[in-house]
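Structure file structure_13.txt; described as compact mmCIF, C-alpha atoms and all ligand atoms.
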```txt
# COMPACT_ATOMS: atom_id res chain seq x y z
CA MET A 96 106.70 78.66 -171.77
CA THR A 97 104.96 77.27 -168.70
CA GLU A 98 106.76 74.93 -166.38
CA HIS A 99 105.47 71.48 -165.43
CA ASN A 100 104.43 70.61 -168.92
CA ILE A 101 105.99 67.27 -169.77
CA LEU A 102 103.23 65.17 -171.33
CA TYR A 103 103.43 61.40 -171.64
CA MET A 104 100.80 59.64 -173.71
CA VAL A 105 100.14 56.03 -172.72
CA VAL A 106 98.75 53.97 -175.59
CA PRO A 107 97.93 50.27 -174.97
CA CYS A 108 98.36 48.12 -178.07
CA TYR A 109 97.17 44.57 -178.59
CA ASN A 110 97.61 43.31 -182.16
CA GLU A 111 97.51 46.83 -183.53
CA GLU A 112 99.98 46.56 -186.44
CA ALA A 113 97.34 47.88 -188.82
CA VAL A 114 96.85 51.20 -187.02
CA LEU A 115 100.19 52.07 -185.44
CA GLY A 116 101.64 53.74 -188.53
CA GLU A 117 98.77 56.20 -188.77
CA THR A 118 98.40 56.67 -185.01
CA SER A 119 102.08 57.50 -184.59
CA LYS A 120 102.02 59.89 -187.55
CA ARG A 121 99.05 61.81 -186.17
CA LEU A 122 100.42 61.90 -182.64
CA ARG A 123 103.72 63.20 -183.92
CA GLU A 124 101.98 66.03 -185.75
CA LYS A 125 99.97 66.79 -182.64
CA TYR A 126 103.13 66.90 -180.50
CA ASP A 127 104.81 69.28 -182.96
CA ALA A 128 101.82 71.61 -182.76
CA LEU A 129 101.59 71.45 -178.97
CA ILE A 130 105.31 72.00 -178.50
CA GLY A 131 105.18 74.87 -181.00
CA ALA A 132 102.36 76.48 -179.05
CA GLY A 133 104.34 76.13 -175.82
CA LEU A 134 101.65 73.91 -174.28
CA ILE A 135 103.92 70.93 -173.68
CA SER A 136 107.64 70.47 -173.24
CA PRO A 137 109.89 68.98 -175.96
CA ASP A 138 110.72 66.30 -173.36
CA SER A 139 107.22 64.86 -173.82
CA ARG A 140 106.86 61.34 -175.20
CA VAL A 141 104.36 58.89 -176.59
CA VAL A 142 104.65 55.51 -174.84
CA PHE A 143 103.20 52.54 -176.68
CA VAL A 144 102.54 49.61 -174.37
CA ASN A 145 102.66 46.31 -176.22
CA ASP A 146 100.24 44.03 -174.41
CA GLY A 147 101.60 40.65 -175.50
CA SER A 148 100.60 41.06 -179.15
CA LYS A 149 100.85 38.09 -181.46
CA ASP A 150 101.53 40.20 -184.56
CA ARG A 151 104.30 42.68 -185.45
CA THR A 152 103.16 45.36 -182.98
CA TRP A 153 106.36 45.31 -180.92
CA GLU A 154 108.60 45.39 -184.01
CA ILE A 155 106.73 48.47 -185.19
CA ILE A 156 107.03 50.15 -181.77
CA SER A 157 110.78 49.44 -181.63
CA ALA A 158 111.20 50.79 -185.15
CA LEU A 159 109.32 53.97 -184.21
CA HIS A 160 111.59 54.39 -181.20
CA ASP A 161 114.76 53.84 -183.27
CA GLU A 162 113.59 56.26 -185.90
CA ALA A 163 112.35 59.06 -183.65
CA PRO A 164 113.30 58.52 -180.00
CA GLU A 165 112.47 62.18 -179.32
CA TYR A 166 108.79 61.28 -179.81
CA PHE A 167 108.29 57.58 -179.20
CA SER A 168 109.04 55.17 -176.37
CA GLY A 169 107.81 51.65 -175.81
CA ILE A 170 107.00 49.18 -173.06
CA ASN A 171 106.85 45.50 -173.89
CA LEU A 172 104.76 43.42 -171.50
CA ALA A 173 105.82 39.83 -170.99
CA HIS A 174 102.34 38.49 -171.74
CA ASN A 175 98.84 39.68 -172.56
CA ALA A 176 97.75 41.34 -169.33
CA GLY A 177 94.53 42.90 -170.62
CA HIS A 178 93.67 46.49 -171.51
CA GLN A 179 93.31 47.86 -167.97
CA ASN A 180 96.53 46.27 -166.74
CA ALA A 181 98.41 47.46 -169.81
CA VAL A 182 97.24 51.03 -169.18
CA LEU A 183 98.27 50.80 -165.52
CA ALA A 184 101.67 49.36 -166.44
CA GLY A 185 102.25 52.35 -168.70
CA LEU A 186 101.05 54.89 -166.15
CA MET A 187 103.13 53.46 -163.30
CA THR A 188 106.22 53.39 -165.52
CA VAL A 189 105.90 57.05 -166.48
CA LYS A 190 104.55 58.49 -163.24
CA ASP A 191 107.91 59.89 -162.12
CA LEU A 192 108.93 61.09 -165.57
CA CYS A 193 106.00 63.27 -166.53
CA ASP A 194 103.90 66.14 -165.22
CA MET A 195 100.76 64.82 -166.89
CA ALA A 196 99.80 61.62 -168.67
CA ILE A 197 97.03 60.98 -171.16
CA THR A 198 95.76 57.45 -171.81
CA MET A 199 94.32 56.80 -175.23
CA ASP A 200 93.38 53.77 -177.34
CA ALA A 201 95.63 52.94 -180.27
CA ASP A 202 92.81 52.66 -182.82
CA LEU A 203 92.13 56.42 -183.25
CA GLN A 204 88.57 56.11 -181.92
CA ASP A 205 89.49 58.73 -179.35
CA ASP A 206 89.83 62.14 -180.98
CA ILE A 207 93.46 63.29 -180.99
CA ASN A 208 92.28 66.89 -181.30
CA ALA A 209 90.77 66.68 -177.81
CA ILE A 210 94.32 66.56 -176.43
CA ASP A 211 94.77 70.34 -176.85
CA GLU A 212 91.73 71.01 -174.73
CA MET A 213 92.84 68.47 -172.09
CA VAL A 214 96.26 70.07 -171.75
CA LYS A 215 94.67 73.53 -171.48
CA GLU A 216 92.37 72.28 -168.72
CA TYR A 217 95.43 70.89 -166.94
CA HIS A 218 97.18 74.25 -167.16
CA ALA A 219 93.99 75.86 -165.83
CA GLY A 220 94.34 73.73 -162.70
CA SER A 221 92.53 70.44 -163.34
CA GLN A 222 94.26 67.35 -162.01
CA VAL A 223 92.02 64.97 -163.97
CA VAL A 224 90.44 65.69 -167.34
CA TYR A 225 87.85 63.16 -168.55
CA GLY A 226 87.30 62.67 -172.26
CA VAL A 227 83.55 62.26 -172.67
CA ARG A 228 81.87 61.02 -175.84
CA SER A 229 79.35 63.54 -177.03
CA ALA A 230 78.08 61.43 -179.91
CA ARG A 231 78.00 57.77 -180.74
CA GLU A 232 76.84 58.06 -184.29
CA THR A 233 79.39 55.61 -185.61
CA ASP A 234 78.59 52.95 -183.01
CA THR A 235 76.03 50.34 -183.90
CA PHE A 236 72.67 50.56 -182.10
CA PHE A 237 73.62 47.47 -180.12
CA LYS A 238 76.98 48.83 -178.93
CA LYS A 239 75.42 52.18 -178.05
CA PHE A 240 72.55 50.58 -176.15
CA THR A 241 74.71 48.13 -174.19
CA ALA A 242 77.32 50.77 -173.41
CA GLU A 243 74.81 53.35 -172.21
CA SER A 244 72.88 50.82 -170.11
CA PHE A 245 76.19 49.88 -168.55
CA TYR A 246 76.90 53.43 -167.37
CA LYS A 247 73.39 53.75 -165.95
CA LEU A 248 73.62 50.41 -164.14
CA MET A 249 77.03 51.30 -162.69
CA GLN A 250 75.65 54.54 -161.32
CA LYS A 251 72.62 52.73 -159.83
CA MET A 252 74.97 50.27 -158.18
CA GLY A 253 76.75 53.13 -156.50
CA ALA A 254 80.01 53.31 -158.48
CA ASP A 255 80.89 56.88 -159.26
CA VAL A 256 81.62 56.59 -163.00
CA VAL A 257 81.53 59.51 -165.42
CA TYR A 258 78.74 58.96 -167.94
CA ASN A 259 80.06 58.10 -171.41
CA HIS A 260 83.68 58.36 -170.36
CA ALA A 261 85.92 55.37 -171.05
CA ASP A 262 89.68 55.46 -170.71
CA PHE A 263 90.60 58.58 -172.64
CA ARG A 264 91.74 60.89 -169.85
CA LEU A 265 94.47 63.14 -168.59
CA MET A 266 95.88 62.68 -165.12
CA SER A 267 98.42 64.86 -163.39
CA ARG A 268 101.57 63.48 -161.84
CA ARG A 269 99.96 64.01 -158.46
CA VAL A 270 96.97 61.84 -159.33
CA LEU A 271 99.28 59.14 -160.74
CA GLN A 272 101.18 58.97 -157.46
CA GLU A 273 97.89 58.44 -155.61
CA LEU A 274 96.71 55.87 -158.14
CA GLY A 275 99.89 53.95 -157.31
CA ASN A 276 98.55 53.51 -153.76
CA PHE A 277 95.53 51.52 -154.93
CA ARG A 278 96.38 47.91 -154.26
CA GLU A 279 93.50 46.16 -155.98
CA VAL A 280 94.08 43.48 -158.55
CA ASN A 281 90.72 43.66 -160.36
CA LEU A 282 91.32 46.93 -162.13
CA PHE A 283 88.49 49.17 -163.21
CA LEU A 284 90.27 52.45 -163.86
CA ARG A 285 87.25 54.49 -164.82
CA GLY A 286 85.76 53.79 -161.40
CA MET A 287 89.02 54.27 -159.49
CA VAL A 288 90.04 57.67 -160.83
CA PRO A 289 86.89 59.49 -159.62
CA LEU A 290 87.53 57.94 -156.18
CA ILE A 291 90.87 59.74 -156.00
CA GLY A 292 89.19 63.12 -156.15
CA PHE A 293 90.95 66.45 -156.83
CA LYS A 294 89.78 69.10 -159.23
CA SER A 295 88.54 67.58 -162.47
CA SER A 296 86.93 68.69 -165.68
CA LYS A 297 85.49 67.19 -168.85
CA VAL A 298 86.32 67.55 -172.50
CA TYR A 299 83.74 66.42 -175.06
CA TYR A 300 84.66 64.67 -178.28
CA GLU A 301 83.04 62.62 -180.99
CA ARG A 302 83.96 58.98 -180.98
CA ALA A 303 85.14 57.90 -184.40
CA GLU A 304 85.18 54.48 -186.00
CA ARG A 305 88.15 52.20 -185.49
CA PHE A 306 90.78 53.27 -188.04
CA ALA A 307 91.74 49.71 -188.99
CA GLY A 308 91.80 46.22 -187.53
CA GLU A 309 89.13 44.65 -185.35
CA SER A 310 87.77 45.41 -181.91
CA LYS A 311 89.57 43.48 -179.18
CA TYR A 312 86.43 43.66 -177.06
CA PRO A 313 83.91 41.16 -178.36
CA LEU A 314 80.57 40.84 -176.54
CA LYS A 315 81.89 38.16 -174.21
CA LYS A 316 84.77 40.36 -173.02
CA MET A 317 82.44 43.37 -172.76
CA LEU A 318 80.08 41.46 -170.46
CA ALA A 319 82.98 40.18 -168.36
CA PHE A 320 84.26 43.77 -168.11
CA ALA A 321 80.85 45.04 -166.96
CA ILE A 322 80.47 42.29 -164.36
CA ASN A 323 83.99 42.96 -163.11
CA GLY A 324 83.19 46.67 -162.90
CA ILE A 325 80.10 46.09 -160.79
CA THR A 326 81.54 43.45 -158.52
CA SER A 327 84.78 45.41 -158.03
CA PHE A 328 82.97 48.53 -156.95
CA SER A 329 79.76 47.61 -155.29
CA THR A 330 78.45 45.26 -152.63
CA LYS A 331 74.89 46.16 -153.57
CA PRO A 332 74.20 42.74 -155.12
CA LEU A 333 74.98 41.21 -151.70
CA LYS A 334 72.71 43.66 -149.91
CA LEU A 335 69.98 42.83 -152.39
CA ILE A 336 69.94 39.26 -151.07
CA THR A 337 69.40 40.52 -147.54
CA TRP A 338 66.42 42.56 -148.69
CA LEU A 339 64.98 39.64 -150.62
CA GLY A 340 65.22 37.62 -147.42
CA VAL A 341 63.38 40.32 -145.48
CA ILE A 342 60.64 40.47 -148.14
CA MET A 343 60.30 36.68 -148.15
CA SER A 344 59.97 36.64 -144.36
CA VAL A 345 57.21 39.22 -144.50
CA MET A 346 55.49 37.13 -147.15
CA ALA A 347 55.81 34.14 -144.79
CA VAL A 348 53.80 36.02 -142.15
CA ILE A 349 51.13 36.82 -144.75
CA ALA A 350 51.10 33.17 -145.85
CA PHE A 351 50.67 32.15 -142.19
CA ILE A 352 47.60 34.32 -141.77
CA TRP A 353 46.15 33.19 -145.08
CA ALA A 354 46.72 29.50 -144.34
CA PHE A 355 45.16 29.96 -140.92
CA ILE A 356 42.03 31.60 -142.35
CA VAL A 357 41.66 28.91 -145.02
CA LYS A 358 42.04 26.25 -142.32
CA LEU A 359 39.45 27.94 -140.08
CA LEU A 360 36.98 28.08 -142.95
CA GLY A 361 37.56 24.36 -143.36
CA HIS A 362 38.61 24.53 -147.03
CA SER A 363 42.06 23.03 -146.57
CA THR A 364 43.18 19.44 -146.84
CA LEU A 365 45.27 18.01 -144.06
CA GLY A 366 48.91 19.10 -144.17
CA TRP A 367 48.40 21.96 -146.68
CA SER A 368 48.65 24.79 -144.12
CA SER A 369 51.86 23.55 -142.55
CA MET A 370 53.41 22.99 -146.02
CA MET A 371 52.45 26.48 -147.17
CA CYS A 372 53.87 28.13 -144.07
CA SER A 373 57.15 26.23 -144.03
CA ILE A 374 57.92 26.85 -147.73
CA TRP A 375 57.73 30.60 -147.27
CA LEU A 376 59.36 30.67 -143.87
CA ILE A 377 62.30 28.45 -144.79
CA GLY A 378 62.82 30.28 -148.07
CA GLY A 379 62.85 33.60 -146.27
CA LEU A 380 65.19 32.41 -143.54
CA GLN A 381 67.61 30.93 -146.05
CA LEU A 382 67.86 34.12 -148.04
CA LEU A 383 68.24 36.16 -144.89
CA ALA A 384 71.05 33.91 -143.71
CA LEU A 385 72.76 34.19 -147.10
CA GLY A 386 72.39 37.95 -146.92
CA ILE A 387 74.03 38.11 -143.52
CA ILE A 388 76.92 36.00 -144.75
CA GLY A 389 77.04 38.31 -147.75
CA GLU A 390 77.38 41.34 -145.48
CA TYR A 391 80.49 39.81 -143.93
CA ILE A 392 81.89 38.81 -147.30
CA GLY A 393 81.33 42.42 -148.34
CA LYS A 394 83.48 43.57 -145.44
CA ILE A 395 86.23 41.05 -146.26
CA TYR A 396 86.08 42.20 -149.87
CA ALA A 397 86.63 45.79 -148.84
CA GLU A 398 89.48 44.82 -146.51
CA VAL A 399 91.41 42.70 -148.98
CA LYS A 400 91.36 45.54 -151.49
CA GLN A 401 93.55 47.60 -149.15
CA ARG A 402 92.51 50.76 -150.87
CA PRO A 403 93.95 53.94 -149.40
CA ARG A 404 91.49 55.16 -146.80
CA TYR A 405 92.10 58.81 -147.51
CA ILE A 406 94.09 60.99 -149.84
CA ILE A 407 95.56 64.22 -148.53
CA ALA A 408 95.26 67.07 -151.01
CA ASP A 409 97.21 69.72 -149.07
CA PHE A 410 99.19 69.86 -145.85
CA ILE A 411 99.69 73.35 -144.47
CA ASN A 412 102.21 73.41 -141.69
CA ASP A 413 104.68 76.08 -140.66
CA ALA A 414 106.60 74.02 -138.12
CA PRO A 415 110.33 73.72 -138.84
CA GLN A 416 111.22 70.44 -140.55
CA HIS A 417 113.48 68.05 -138.65
CA GLU A 418 115.40 65.16 -140.07
CA GLU A 419 113.88 61.97 -138.75
CA ASP A 420 115.85 60.27 -135.99
CA LYS A 421 117.64 57.33 -137.36
N1 LIG B 1 93.92 46.33 -175.76
C1 LIG B 1 94.98 45.87 -174.97
N2 LIG B 1 94.92 44.58 -174.47
C2 LIG B 1 93.87 43.74 -174.69
C3 LIG B 1 92.77 44.24 -175.46
C4 LIG B 1 92.83 45.53 -175.98
O1 LIG B 1 95.96 46.59 -174.74
O2 LIG B 1 93.89 42.62 -174.21
C5 LIG B 1 93.98 47.72 -176.30
C6 LIG B 1 93.73 47.83 -177.79
O3 LIG B 1 94.91 47.65 -178.52
C7 LIG B 1 93.19 49.25 -177.91
C8 LIG B 1 92.44 49.43 -176.61
O4 LIG B 1 92.94 48.44 -175.71
O5 LIG B 1 94.21 50.21 -177.99
C9 LIG B 1 90.93 49.30 -176.76
O6 LIG B 1 90.60 48.11 -177.43
P1 LIG B 1 89.54 48.06 -178.63
O7 LIG B 1 89.69 49.28 -179.47
O8 LIG B 1 89.69 46.77 -179.33
O9 LIG B 1 88.16 48.10 -177.82
P2 LIG B 1 86.79 48.83 -178.29
O10 LIG B 1 87.14 50.24 -178.67
O11 LIG B 1 86.27 48.04 -179.44
O12 LIG B 1 85.91 48.76 -177.08
MG MG B 2 88.51 50.76 -180.00
```

Could the structure of this file be written out as structure tokens, please?
Amino acid sequence: MTEHNILYMVVPCYNEEAVLGETSKRLREKYDALIGAGLISPDSRVVFVNDGSKDRTWEIISALHDEAPEYFSGINLAHNAGHQNAVLAGLMTVKDLCDMAITMDADLQDDINAIDEMVKEYHAGSQVVYGVRSARETDTFFKKFTAESFYKLMQKMGADVVYNHADFRLMSRRVLQELGNFREVNLFLRGMVPLIGFKSSKVYYERAERFAGESKYPLKKMLAFAINGITSFSTKPLKLITWLGVIMSVMAVIAFIWAFIVKLLGHSTLGWSSMMCSIWLIGGLQLLALGIIGEYIGKIYAEVKQRPRYIIADFINDAPQHEEDK
């Protein structure tokens, strides 16, 4: 049996009473198989994070824990903190207990059978294993289109997201410790994890339909999530304003020349040339000024995040270790 193989699964649950029975049953079977194969330690656990559910979710989680504490643990959040925060709460709670953690939705849309492959990749040396959807056959055309446009837009905006990867991923203990150093409040985990670095790999799986219950991400929440993702990771929208200002100013020069020619040819009424020129010039100057302010706001935005500026992967040093002077 390999060492360093305690696996903690972190499963956020918001009003998931309809699926928890089946999810826990399947995860339990999966754990038995993985433990039997020597891939994970019997000390591994499944941690359900109750994200302020209004239904019987927490009662079910507590019952699972009472019935089989050797498989199931639970975290009860004081209020609905949202999916990303619930996942982080779970990860930060288990980061010192496990060697690897896998985050997975409760609704069985993520393929439980991909876990084997993820754990194998971890044993082969990957610190992060991304679960990537290979097919979206069960998604509606609308969901597929909006989701895929989102990944493309994020990449264009300069956020390093993994195409078609959501929040089904394995992270090593090491990566969890580093994730703990990210101080930002607007969480967008799928953008943050690639920033951490380390050796990573991908596991492909087919995304299934929700086992039961309804999606907790209606269109409104999806849009808010996308806007949060972009504005938490990119200052490109601010830079865009600067460029618009530059373009407008160039147009102002063209408008100047044009107005001058029209005036020389005697086709213009009194006051037209000066009006034309000032509209373009003032518009351009205003946008440029906004853009410059935006540049500074962009800097403030980066500063207030207090993200770690670097992450050390290895430190090779043969010097004898001294106790620090007290
Ligand atoms: N979830 C959560 N808090 C919320 C909303 C959702 O913990 O405020 C959980 C939910 O229980 C599920 C996961 O996040 O395990 C993904 O939600 P859902 O399946 O509804 O999203 P979809 O797959 O439709 O995008
Ligand atoms: Mg789902």

**Message:** Give me, as a PyMOL selection string, the set of residues whose atoms come within 9 Å of any atom of ligand MG 2 (chain B), counting all atoms listed in the file.
**Reply:** chain A and resi 200-205+304-306+309-312

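Residue neighbourhood of segment 214-217 of chain A, excluding near-sequence residues (fewer than 4 positions): Leu134, Ile135, Ile210, Ser221, Gln222, Val223, Val224, Leu265, Ser267 and Ser296 of chain A, at 8 Å, using all atoms listed in the file.
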
**Fill in**
Expressed in Å, the length from atom CA of Asn180 of chain A to atom CA of Lys247 of chain A is 24.3 Å

**Prompt:** What separation in Å, quoted to one decimal, exists between atom CA of Pro107 of chain A and atom CA of Glu301 of chain A?
**Reply:**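 Between atom CA of Pro107 of chain A and atom CA of Glu301 of chain A the gap works out to 20.3 Å.
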
**Request:** Skip segment 144-161 of chain A itself and residues of its chain fewer than 4 positions away, then list as number ranges by chain all residues within 10 Å of it, counting all atoms listed in the file.
**Result:** A: 105-116, 119-120, 165-178, 180-186, 201

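Among A:Ala209, A:Phe320, A:Ala219, A:Lys297, the residue with the shortest atom-to-atom distance to ligand LIG 1 (chain B), counting only C-alpha atoms and all ligand atoms, is A:Phe320.
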
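Coordinates place atom CA of Phe328 of chain A at a distance of 24.1 Å from atom CA of Val341 of chain A.
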
**Message:** Applying 10 Å and only C-alpha atoms, which residues near Arg269 of chain A remain after dropping the ones on its own chain fewer than 4 positions away? List them as a PyMOL selection string.
**Reply:** chain A and resi 190-191+194-195+222-223+273-274+293+408
